[in-house]
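Comments concern the structure below.
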Number of protein chains: 2
Amino acid sequence: MRQSQLFTKTRKEAPSDEARPNDGSVGQASKNAQLLIRAGYIQKEMAGVYDYLPLGLRVFKKIENIIREEMDVIGGQEIFMSSLQEKETWEKTNRWDDSMVDIWFKTKLKNDTELGLAITHEEPITRMITKHVQSHKDLPFSVYQFQTKFRNEIRAKSGIMRTREFIMKDLYSFDKDQEGLDEFYGKASDAYVRIFDRVGLGEKTYKTFASGGVFSKYSHEFQTICDTGEDVIYVNENKKIAINKEVNTDEVLSDLGISRDELVERKAIEVGNIFKLGTRFSDALGLLYVDESGEKKPVVMGSYGIGPGRLMGTIVELYSDDKGIVWPKEVAPFAVHLVRLGDSEAVVKFADDLYTDIRKQGVEVLYDDRPLRAGEKFADSDLIGIPVRFVVSEKTVAEGKVEVKFRTDNDSELLTAEQAMDKLKN
Amino acid sequence: MRQSQLFTKTRKEAPSDEARPNDGSVGQASKNAQLLIRAGYIQKEMAGVYDYLPLGLRVFKKIENIIREEMDVIGGQEIFMSSLQEKETWEKTNRWDDSMVDIWFKTKLKNDTELGLAITHEEPITRMITKHVQSHKDLPFSVYQFQTKFRNEIRAKSGIMRTREFIMKDLYSFDKDQEGLDEFYGKASDAYVRIFDRVGLGEKTYKTFASGGVFSKYSHEFQTICDTGEDVIYVNENKKIAINKEVNTDEVLSDLGISRDELVERKAIEVGNIFKLGTRFSDALGLLYVDESGEKKPVVMGSYGIGPGRLMGTIVELYSDDKGIVWPKEVAPFAVHLVRLGDSEAVVKFADDLYTDIRKQGVEVLYDDRPLRAGEKFADSDLIGIPVRFVVSEKTVAEGKVEVKFRTDNDSELLTAEQAMDKLKN
């Protein structure tokens, strides 16, 4: 798209309320919110609540699509459930009362019936599935959605990584028995590894042992090593093994065959989690099936969550420099930033033609056609952080070429349009 | 996809709470909810709140994509704003107090700060745009989103056509002056006409004169003629002109050059609306720009809404028969329903190969590979309402052919796979 059409503007300074932590404490402010707001990706609506602007929504959708593709690979069926929730369903699992779950946003119908805004969806999905499962022949399957969760956090911090309203991909699996759940759990875990690889977080992300529940010894968090993370984990980088704080006990270490001295303490961001729910929700909500011998049994469930917004925030925390964001290729809002310097007829024609060519080849391009000085354009370009920049100026046009620079490099090279496009595709 | 994998089941009867109106009155129940629930497209979470199941989400996304394409054609930039809303912004336009707007769902932060759940987004978007517009050079542009609206309706009725929680496409335009607004309003109106045409509602939908506001004589609703509609409009079908109840006065008729006796009273469903907001919101929230002569002026706005879910419900109200839904091609969950009868090796191989072929050609296909009787399969197929059915049975395979039947036809014909695919594409 033409940058002159983009309604958002960049800012030189982060807004003052993002330049310090929201809770008034002394400490490092949220880098992701600062950079994303300055570059025009997001806007703060209030503490812990953000809007996605055109550039931000593009990145968000790329992450969402990667997650969707991997959920489809493991057979997930996409649905979309409501945010408004009935009290009765959640009372059955003892998760309605504020003394049990203290992050509800609650509201009321006109007739004073109390409703909640979904903090998660285990209860409504379990109830919904009761209407579609009778027999063992109806199992196994898995269902997922990208839907808003509302969480009434006392303190909102960490920019878009911990918010009061956010879209989450939550997948739920439904199996006949523990064996089926274990098998699917493995597949989901592999899908998560592929997701983190694809969005550019693979190397720094660890499948981390966390406490399980009644139905399994452990659950797993996916934790991305990052100095600004809220969590603390213990890692052996060579063995690619990690455990979280909850399970950092001698018993667990011995169970996993790790010694304490091979682990290093690191700060990390939880970017996903997978959990064997067992029959906790199916027992409470009556999700039963008739097995091969005619016996009624509870369905065995698992849940698997990833927040695309938190991934986006984590990527910014990890990939930026003093000039701005440095997006990994797969999630960048555009593949190339075409920057035109000058407005002579020759330069405009060369740049306009190149813009048309790039789009014809199906490559997403942001075209800076604005009448600004080179310094301002480069500053904006670095801040926005598209992986490759093509510069068209009097100098490059004189040679019939374009200057190509990767966001991660300091040097540029002068190439023909064809060479530049080849460069982009490799 | 293979129907044996689809987790949803069809039902012979509508659930009892959809078989009568929700408000306890005597009268016709909601046909759209009954059919959509029976066929497994949606599920009721509570009165006025529905979940979209895999088939339903497919239809919803098709409608959403058609709307998105047309919003992109007129230059709309997509964003995604929050549902949680701050009181202060809405107090400035006098739309916070329950005595002014009686459909709010309200909630609270832990520190007792009152929040609202967005009933619409004029206020927050106007406030957000103040941070990106300074000069006349920043105008005009338009911004849209697909986002959830919450409306605390006293009575929820009409199935998915009037709900307490629904996704709406709302677009907002920002212009320097009335002339700019008028021009964009015309373009948006044309885009709406294309949307209704594409989803199959064009012929029955009228751009209907409705009351304007301080800033324009009229606004427009798009009303689809339907006997189960909640609205009443007055129509001249030949002239393709319509007015709503509010403006059915002698003064307006004379203004529009219509005589009362050429209009027929019809029931209708409001499927979209477009409204010139003028400077109501920019005045209240300080959205100003500096014009060519250095003077500060308020931005002139318009708003343009369509609910994809309401379109989906309207389509079902209009296109169904006693056997089920009859989807228009463009919004059907799949292009073709491949139904296999029997499970002999020859039949399975023929059907499996055809399934693979169809998908290879990029055509979306639901493959009924379930071990059920022909009668059950045909009943499900009619209920689900995919536009074309391919039947593969012992009889058809003996001739190396497939039986092709359109949902709207009574007759079928026996064709080769190649002929059948040609039929599908025309």
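Order determines the names: the first chain of the structure tokens is A, the second B, and so forth; residues in each chain are numbered 1 upward, and ligands are numbered 1 upward as they are shown.
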**Message:** Which residues are near segment 119-134 of chain A? Cut-off 9 Å, only C-alpha atoms, ignore same chain within fewer than 2 positions. Put them as a count of residues only.
**Reply:** 43
**Message:** I want to know what sits within 7 Å of segment 198-210 of chain A, based on only C-alpha atoms, with residues of the same chain fewer than 4 positions away left out; could you give that as a list in words?
**Reply:**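 The neighbour list is Ile63, Val193, Arg194, Tyr218, Ser219, His220, Glu221, Phe222, Gln223, Thr224, Ile225, Lys240, Ile241, Ala242, Ile243, Asn244, Glu246, Val247, Pro328, Glu330 and Val331 of chain A.
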Just to be explicit: take each residue in the selection above, keep N, CA and C atoms, and write the result as a CSV table (one decimal), in the first residue's frame.
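Result file again_32.csv:
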chain,number,residue,atom,x,y,z
A,63,ILE,N,0.4,-13.9,12.2
A,63,ILE,CA,0.6,-14.9,13.3
A,63,ILE,C,-0.6,-15.8,13.5
A,193,VAL,N,5.6,-26.4,18.6
A,193,VAL,CA,7.0,-26.2,18.2
A,193,VAL,C,7.1,-25.6,16.8
A,194,ARG,N,6.3,-26.1,15.9
A,194,ARG,CA,6.3,-25.6,14.5
A,194,ARG,C,5.9,-24.1,14.5
A,218,TYR,N,2.6,-33.7,34.8
A,218,TYR,CA,3.0,-32.4,34.3
A,218,TYR,C,2.1,-31.9,33.3
A,219,SER,N,2.1,-30.6,33.2
A,219,SER,CA,1.6,-29.9,32.0
A,219,SER,C,2.8,-29.2,31.4
A,220,HIS,N,2.7,-28.6,30.3
A,220,HIS,CA,3.8,-27.9,29.7
A,220,HIS,C,3.5,-26.4,29.3
A,221,GLU,N,4.5,-25.6,29.6
A,221,GLU,CA,4.4,-24.2,29.1
A,221,GLU,C,5.4,-24.1,28.1
A,222,PHE,N,5.2,-23.2,27.1
A,222,PHE,CA,6.3,-22.9,26.2
A,222,PHE,C,6.7,-21.5,26.6
A,223,GLN,N,8.0,-21.5,27.0
A,223,GLN,CA,8.6,-20.3,27.6
A,223,GLN,C,9.7,-19.7,26.6
A,224,THR,N,9.6,-18.5,26.3
A,224,THR,CA,10.6,-17.8,25.5
A,224,THR,C,11.6,-17.0,26.3
A,225,ILE,N,12.9,-17.4,26.3
A,225,ILE,CA,13.9,-16.7,27.1
A,225,ILE,C,13.9,-15.2,26.7
A,240,LYS,N,18.1,-28.7,25.6
A,240,LYS,CA,16.8,-28.1,25.3
A,240,LYS,C,15.7,-28.5,26.3
A,241,ILE,N,16.1,-28.5,27.6
A,241,ILE,CA,15.1,-28.9,28.6
A,241,ILE,C,15.0,-27.7,29.6
A,242,ALA,N,13.7,-27.6,30.1
A,242,ALA,CA,13.5,-26.5,31.0
A,242,ALA,C,12.4,-26.9,32.0
A,243,ILE,N,12.4,-26.3,33.2
A,243,ILE,CA,11.3,-26.5,34.1
A,243,ILE,C,11.0,-25.2,34.7
A,244,ASN,N,9.7,-25.0,35.2
A,244,ASN,CA,9.4,-23.7,35.7
A,244,ASN,C,9.5,-23.7,37.2
A,246,GLU,N,7.4,-23.6,39.7
A,246,GLU,CA,6.5,-24.5,40.5
A,246,GLU,C,7.1,-25.9,40.7
A,247,VAL,N,7.8,-26.4,39.7
A,247,VAL,CA,8.2,-27.8,39.8
A,247,VAL,C,9.7,-27.9,40.0
A,328,PRO,N,10.8,-10.5,12.1
A,328,PRO,CA,11.2,-11.7,11.3
A,328,PRO,C,10.3,-11.7,10.1
A,330,GLU,N,8.5,-13.9,8.4
A,330,GLU,CA,7.1,-14.5,8.3
A,330,GLU,C,6.0,-13.7,8.9
A,331,VAL,N,6.3,-12.8,9.8
A,331,VAL,CA,5.3,-12.0,10.5
A,331,VAL,C,5.3,-10.5,10.2
**Residue contacts of Lys276 of chain A (10 Å, only C-alpha atoms) excluding same-chain residues fewer than 4 positions away, as a ChimeraX atom specification** = /A:172-173,178,181-182,185,212-220,280,300-304
**Asked** Among segment 241-330 of chain A, which residues carry a DSSP assignment of strand (DSSP E), reported as a VMD selection string?
**Response** chain A and resid 241 to 244 264 to 278 288 to 290 296 to 298 300 to 306 320 to 321 324 to 325
**Exercise: segment 415-421 of chain B partners within 9 Å, only C-alpha atoms, chain neighbours under 6 positions left out, as number ranges by chain** = B: 354, 358, 390, 396, 399-404
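The smallest atom-to-atom distance between chain B and any of A:Arg38, A:His337, A:Lys239, A:Lys169, using only C-alpha atoms, is found for A:Arg38.
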**Request:** Give the alpha helix (DSSP H) residues of segment 50-236 of chain B, as assigned by DSSP on the backbone, as a PyMOL selection string.
**Result:** chain B and resi 54-73+87-91+122-129+178-198
**Request:** For atom CA of Ile386 of chain A and atom CA of Val326 of chain A, quote the distance in Å rounded to one decimal.
**Result:**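 Computed distance, atom CA of Ile386 of chain A to atom CA of Val326 of chain A, equals 6.8 Å.
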**Asked** Ala351 of chain A: which residues within 10 Å, counting only C-alpha atoms, same-chain residues fewer than 3 positions away excluded, as a PyMOL selection string?
**Response** chain A and resi 338-341+343+345-348+354-357+367-369+390-393+397+402
**Prompt:** Given the choices B:Gly40, B:Pro308, B:Pro54, B:Gly76, which gets closest to Gln5 of chain A if the distance is worked out from only C-alpha atoms?
**Reply:** B:Gly76
**Request:** Choose the residue, out of B:Ala156, B:Met312, B:Val388, B:Ile66, that has the smallest atom-to-atom separation from Met46 of chain B; count only C-alpha atoms.
**Result:** B:Ala156
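The shell of residues at most 8 Å from Arg266 of chain B, with only C-alpha atoms counted and near chain neighbours (fewer than 4 positions) removed, consists of Ile225, Cys226, Asp227, Val232, Ile233, Tyr234 and Val235 of chain B.
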**Message:** At a cut-off of 7 Å, using only C-alpha atoms, what residues contact Pro140 of chain B? Leave out same-chain residues fewer than 3 positions from it and give the result as JSON, numbers by chain.
**Reply:** {"B": [174, 175, 176]}
**Prompt:** Rounded to one decimal in Å, what is the spacing between atom CA of Glu317 of chain A and atom CA of Lys31 of chain A?
**Reply:** 6.1 Å
**Message:** Here is a test: counting only C-alpha atoms, which residue of B:Ser211, B:Ser99, B:Ser189, B:Gln145 is nearest to Thr249 of chain B?
**Reply:**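 Among B:Ser211, B:Ser99, B:Ser189, B:Gln145, it is B:Ser211 that comes nearest to Thr249 of chain B.
Put simply, atom CA of Met161 of chain A is 11.8 Å away from atom CA of Gly272 of chain A.
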